[in-house]
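Q: Starting off with a structure, shown below.
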Amino acid sequence: MAKKSLKHQNITSVAIVHIVLVLLSALFLIPLIWMISTSFKTEVQASAFPPVWIPDPVESINYKKAWEYGKEQLNGQAPMLIYLRNSIIIAILTVTGTVISNAIVAYSFARLKWPGRDLAFAITLATMMVPFPVIMVPLFGLFKDFGWVGTFRPLWIPAWFAGAFNIFLLRQFYRTIPFELSEAAKIDGCTEWGIFHQVILPLAKPALAVVALFSFMGTWNDFLGPLLYLQDQKAYTLAIGLQAFRSQAGGAPIHLQMAASTMMVAPIIILFFFTQKQFIQGIATSGLKG
Amino acid sequence: MNWAPVAWVAGVAAVGWALFTSEQIIKPETRTDGRVVVTYWEKWSDFEFEAMRKVVEKYNNSQDKIFVKVLSVPNIAGKTLLATSGGIPPDLAGLYGPNVAQYAFNNAVMPLDEFANEAGMDRDDYIHQYYDICTYRGKLWALPTTPASTALHYNRDMLQAAGWDPNNPPKTIEELTELDKRIFKKDGSRITKMGFLPTEPGWWPWAWGPIFGGKLWNGVDKITMDDPKIVEGYTWMGSFAKQYGSGTVSSFQEGFGSFNSPQNPFMDNKLATVLQGVWMANFIEKQNPKLNWGASAFPYPANRPEMANSSLLDLDILVIPTGAKHPKEAFEFLKYLQTQEAMEMLCLGQKKHSPLANVSEGFLQNHPNPNIRLFQELAESKNTLATPKTPIWAQWGDEIRTATQSINNGSKTPEQALNDVQTKMQPLLDKVLRHERALGIEPRSEDMAE
Amino acid sequence: MSTSKLNSQTRAGLLFAAPWLIGFSVFLLFPLLKSFYNSFTEYTILTPPVWIGLENYTDLFKDELFWQSLGNSFYYALIAIPVGTVVAIGLALLLNQKVKGQAFYRTFFFLPSLVPVVPLAILWLWLFNGESGIINAVIEPIFHVKPNWLGDVKLAKNVLIVMSTWGVGNAMVIYLAGLQQVPQELYEAANLDGASPLRKTWKITLPLLSPVIMFNVVMSIIGSLQVFAQPFIMFPGGAPERTTYFFSVYIYDTAFRDNRMGYASAMGWVLFLIILVLTYVAIKYMDKKVHYETN
């Protein structure tokens, strides 16, 4: 008898949960759907009130227009193409540097013993509390003295020097690799670099993939960096370029802004669908105390 | 097949391409014909930019030593300052006159006295008010490009429809208020028409005090935002939002199209009158040529007839930022621009009057702006109102703007809002003066001489 | 023999750590110290620094805009963090119910957190548009008002909080992973005792999740006080009436619009100290409450 009522209780609760999930999903997805829908509308329909949900006609030409918007400024080249190229360039240079430098540095904190190591690690963790605004100005001055303002360099070169968050992440991961493996390699006569390169790295691929993924997200999203250091329109990234979309000559019409926004969001969503497992796993491990 | 080596090569190639391209993109432009490239950032876009571009083109074709590359740059003041701080300024920047004192104080632009003296330029070559905007503490920091004066622009058809003589636009503030009452129309809870809206375009939030005869400061060291005439001006400004409800009015405004579009509220028959500048004729022609409009001096308070024919004075300027790579060549172009021929070409192209003291014979007669004589006279009138020439102006102007928002929202009375600006800005002015004294610069009146 | 081995490991250790040691010194420590020095000067990058002692700090104290912008950032943090945490945990609990299609729902909740900041701003500016936005399209038929979200001093701030809540997918995933680590036996034991779902959540789930919650809250404190891009893009000048003027934007404006680098440095240090204090307090407080799994 008790079993039966439990089952009954379960079915209703499951139904409730489902309904709630569906409603909430709608709430979360509607803005995105709206963005895509507006990107296909005519200008009149885009600003209509009450709002038009399904564009009629479906103006995929908006994408072409958004792609080319403002091309007079850039000698006839499609600005979105330029911004995309620049974002990709920075992403390549940053992600590569991040993965390489953090893989190496985290190894030192995880598997090598040296005096002051633990203190240094504690300080490294503490640096995560340093807000960017407090170093923003002298950093700008530093890059000015280097002659790097107006170039891409401030955006990717520092990535080649590792960072606290990734050091923490990879260190946690490295420590899960059994020490016996390193020991065995050492007995075989491997140098530290050899152990790192031949034993640890192959095992670290999933963690490095996560680092790469997050690093990519970070640069794709970066706004303040390009705002400060990229002066020339032909060096703009998608983030700054999109911002210019709004402020240039009164601002692009809303349906074009949505098309451009969709174009910037799409690669991330696509990337997510291909790397779901790594994504979710990576976020989960980054948030849990190892 | 073992993909690993392929992946490696591809990876290294990608990084190599990225590195190479990233360096190529940011290389400064050089020319094959040996000319010095002068980078010139200008604030204008669209047809206003086109007018300057033509002048630049003419200059480039007239000699073979220098090539001026002019770019339309949005948000130019912030960008130029950032670039100058970063050590990579353009050689010429088209900025706004009200900020000259700030640029001078912060060492952001080069003084032009030496260049100007060498070229034989003189204050008397210009309408004095415009030249004075370019000076601070006795030095020349910029040179004029296009000047501006402002006036009341009115929609003849809308006036007529409301029973107002379209050839007799409001002369006093009281008449303007009366006109607005007549024109004001609502459809349900939403406003469809207004006679005047101080926050459209809202480009000169500082002007309401001076229009009423008040002075924002004594020109040297005392800010006087609590001047009763200023309070009066802002009370009038806030009266529109007050009587119709600030939420209703701001909803009305949210529905306005952008300035340079046929949905501009003045061009779209939503506002019967608007305070605008000499450039407006150009924009109306482009966006709504059928508009039946006129321009007249902005109204004055009936009890203050001495404020008749007031006009806000504004000036676009060119500066050579500190650290510019080619200052001499930049000044060569500046010199060319200041000649009557080039300046008139530019001002005609933007349908504005000229800042020079002398204009050629047909300039006013053949001018495409139907109201050009009005704007010229207003620019030379004794009631020209310009922004205070002080390094703290950017912040001060911003505070005034915030104050107008508070007044329009009803969250502060005009007295409170103005008082807050006063208490905030006076210490900053004191600081600036102290800093200048420490550098041996004595304060002096920066009021525009006649 | 063992000393040379130790030396070689030390050498390797330092060598491997070198990129970070260099990067830390050049890109973090040096600017940090320099900005500390600058905070006692008047400095515009185009003019050399002039020592003025504590004047920047005393000016800050008297600066109304400082208090207002700091207040705005605090308002945002104080609401967005609890709301975000509750929503994220709530969603995670919901997803943890072993329903069909869990992966789909998880994706739906997570996707919004991937949207880069500029399209995010553009999208939400449009959604909240007083005249044509769909939020008002939904509200108007029911409540017969069209709130002026972006222009009303009481409403504008909250727009940013709604946006931030929309992006809790990231945190939700972390909590979900944490939930999945809770041993099933504990729940089964509680079921035998006849515990209600609420009691189970309160006595088992939340305590076991608490280290994760603490970590997330600390990171959120640090992050939300620094929020820059959304207010900067969506509300120029902190309109209306500076109610959306966040502290980070004020620092940016002071440094790069007003060119007062010394003053901006002082502001940066104040922010840093606030974060340090808050983090310390948060950790100390939550440490007492956090349940660490023994055995």
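Within each chain, counting starts at residue 1; across the structure tokens, chains are named A, B, ... in the order shown, with ligands numbered 1 upward in that order.
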Set the distance at 8 Å and use only C-alpha atoms: which residues neighbour region 216-218 of chain C once local chain neighbours fewer than 2 positions away are removed? I'd like the list as a list in words.

A: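 Listing them by chain and then by number gives Gly287 of chain A; Ile81, Thr85, Ala171, Val212, Ile213, Met214, Ser220, Ile221, Ile222, Thr279, Ala282 and Ile283 of chain C.
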
Q: Write the selection just made, keeping C-alpha atoms, as a PDB file, in the first residue's frame?

A:
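Output file out.pdb is given in full below:
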ATOM      1  CA  GLY A 287      33.991  25.249  -9.486  1.00  0.00           C
TER       2      GLY A 287
ATOM      3  CA  ILE C  81      24.637  37.454  -5.899  1.00  0.00           C
ATOM      4  CA  THR C  85      22.875  31.803  -6.223  1.00  0.00           C
ATOM      5  CA  ALA C 171      27.044  28.584 -11.796  1.00  0.00           C
ATOM      6  CA  VAL C 212      30.961  24.930  -3.507  1.00  0.00           C
ATOM      7  CA  ILE C 213      28.537  27.676  -2.587  1.00  0.00           C
ATOM      8  CA  MET C 214      31.188  29.457  -0.608  1.00  0.00           C
ATOM      9  CA  SER C 220      30.957  36.385  -7.417  1.00  0.00           C
ATOM     10  CA  ILE C 221      31.827  39.093  -4.938  1.00  0.00           C
ATOM     11  CA  ILE C 222      35.119  39.698  -6.676  1.00  0.00           C
ATOM     12  CA  THR C 279      36.466  38.177   0.798  1.00  0.00           C
ATOM     13  CA  ALA C 282      32.885  36.034   3.607  1.00  0.00           C
ATOM     14  CA  ILE C 283      35.361  33.231   4.045  1.00  0.00           C
TER      15      ILE C 283
END

Q: So that I can see what lies close to region 243-245 of chain B, please list as a VMD selection string the residues with an atom at most 10 Å from it, counting only C-alpha atoms and leaving out residues fewer than 6 positions away in the same chain.

A: chain B and resid 184 191 408 to 410

Q: Would you mind exporting N, CA and C atoms of the selected residues as a PDB file, in the first residue's frame?

A:
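Everything below was put into out-v7.pdb:
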ATOM      1  N   PHE B 184       0.446  71.228 -28.293  1.00  0.00           N
ATOM      2  CA  PHE B 184       0.498  69.982 -27.541  1.00  0.00           C
ATOM      3  C   PHE B 184      -0.727  69.110 -27.825  1.00  0.00           C
ATOM      4  N   ILE B 191       1.743  61.238 -25.818  1.00  0.00           N
ATOM      5  CA  ILE B 191       1.904  62.522 -26.505  1.00  0.00           C
ATOM      6  C   ILE B 191       2.169  62.255 -27.978  1.00  0.00           C
ATOM      7  N   ASN B 408      14.163  67.334 -14.659  1.00  0.00           N
ATOM      8  CA  ASN B 408      13.084  66.833 -15.508  1.00  0.00           C
ATOM      9  C   ASN B 408      12.362  65.651 -14.892  1.00  0.00           C
ATOM     10  N   ASN B 409      13.093  64.876 -14.115  1.00  0.00           N
ATOM     11  CA  ASN B 409      12.465  63.735 -13.454  1.00  0.00           C
ATOM     12  C   ASN B 409      11.720  64.142 -12.203  1.00  0.00           C
ATOM     13  N   GLY B 410      11.914  65.379 -11.787  1.00  0.00           N
ATOM     14  CA  GLY B 410      11.242  65.836 -10.582  1.00  0.00           C
ATOM     15  C   GLY B 410      11.908  65.363  -9.308  1.00  0.00           C
TER      16      GLY B 410
END

Q: I need the contact residues of chain C against chain A, so if you could list those with any atom within 6 Å, counting only C-alpha atoms, and return them as a list in words, that would help.

A: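 Applying the cut-off to the listed atoms yields Thr10, Gly13, Phe16, Ala17, Pro19, Trp20, Gly23, Pro31, Leu32, Phe108, Val115, Pro116, Val118, Pro119, Ser132, Ala137, Ile174, Ala177, Val212, Gly268 and Trp269 of chain C.
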
Q: Can you write out the residues you just picked, keeping C-alpha atoms, as a PDB file, in the first residue's frame?

A:
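Result saved to again-v1.pdb:
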ATOM      1  CA  THR C  10      64.833  23.424  -7.585  1.00  0.00           C
ATOM      2  CA  GLY C  13      61.011  24.036 -10.571  1.00  0.00           C
ATOM      3  CA  PHE C  16      59.175  25.746 -15.239  1.00  0.00           C
ATOM      4  CA  ALA C  17      57.599  28.421 -13.095  1.00  0.00           C
ATOM      5  CA  PRO C  19      56.966  32.383 -17.217  1.00  0.00           C
ATOM      6  CA  TRP C  20      54.609  33.026 -14.344  1.00  0.00           C
ATOM      7  CA  GLY C  23      54.656  37.642 -15.902  1.00  0.00           C
ATOM      8  CA  PRO C  31      51.571  47.832 -11.946  1.00  0.00           C
ATOM      9  CA  LEU C  32      50.134  47.165  -8.498  1.00  0.00           C
ATOM     10  CA  PHE C 108      18.837  25.488 -22.471  1.00  0.00           C
ATOM     11  CA  VAL C 115      26.578  35.027 -24.944  1.00  0.00           C
ATOM     12  CA  PRO C 116      29.425  37.545 -25.181  1.00  0.00           C
ATOM     13  CA  VAL C 118      28.327  43.130 -26.349  1.00  0.00           C
ATOM     14  CA  PRO C 119      25.555  41.137 -28.058  1.00  0.00           C
ATOM     15  CA  SER C 132       8.884  48.305 -28.528  1.00  0.00           C
ATOM     16  CA  ALA C 137       4.649  43.714 -24.775  1.00  0.00           C
ATOM     17  CA  ILE C 174      28.919  23.888 -11.039  1.00  0.00           C
ATOM     18  CA  ALA C 177      28.137  18.734 -10.480  1.00  0.00           C
ATOM     19  CA  VAL C 212      30.961  24.930  -3.507  1.00  0.00           C
ATOM     20  CA  GLY C 268      41.441  51.256  -7.786  1.00  0.00           C
ATOM     21  CA  TRP C 269      43.141  50.701  -4.459  1.00  0.00           C
TER      22      TRP C 269
END

Q: Please determine the contact residues of chain B with respect to chain A at a cut-off of 6 Å, counting only C-alpha atoms, and supply them as a ChimeraX atom specification.

A: /B:18,26,74,86-87

Q: Show me, as a PyMOL selection string, every residue of chain B with an atom at most 7 Å from chain C, counting only C-alpha atoms.

A: chain B and resi 78+82+85+106-108+254-255+402+405-406

Q: Could you pull out the residues in region 155-201 of chain B that DSSP calls strand (DSSP E) from the backbone, as a compact mmCIF listing (two decimals) with N, CA and C atoms, in the first residue's frame?

A:
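Output (result15.txt):
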# COMPACT_ATOMS: atom_id res chain seq x y z
N ASN B 155 8.49 74.89 -37.58
CA ASN B 155 7.74 74.21 -38.63
C ASN B 155 6.53 75.08 -38.99
N LYS B 185 -0.46 67.85 -28.12
CA LYS B 185 -1.56 66.94 -28.44
C LYS B 185 -1.27 65.56 -27.89
N LYS B 186 -2.32 64.93 -27.40
CA LYS B 186 -2.16 63.59 -26.84
C LYS B 186 -3.11 62.65 -27.53
N ASP B 187 -2.71 61.42 -27.62
CA ASP B 187 -3.59 60.40 -28.15
C ASP B 187 -3.73 59.35 -27.06
N ARG B 190 -0.63 58.94 -24.63
CA ARG B 190 0.66 59.18 -25.25
C ARG B 190 0.68 60.51 -25.99
N ILE B 191 1.74 61.24 -25.82
CA ILE B 191 1.90 62.52 -26.51
C ILE B 191 2.17 62.26 -27.98
N THR B 192 1.53 63.02 -28.84
CA THR B 192 1.85 62.90 -30.26
C THR B 192 2.54 64.14 -30.80
N LYS B 193 2.25 65.29 -30.21
CA LYS B 193 2.89 66.51 -30.69
C LYS B 193 3.24 67.43 -29.53

Q: With a distance cut-off of 12 Å and only C-alpha atoms, select the neighbouring residues of Glu114 (chain B), excluding the residue or stretch itself and same-chain residues fewer than 3 positions from it, and output the selection as a ChimeraX atom specification.

A: /B:110-111,117-122,139-141,327-328,331
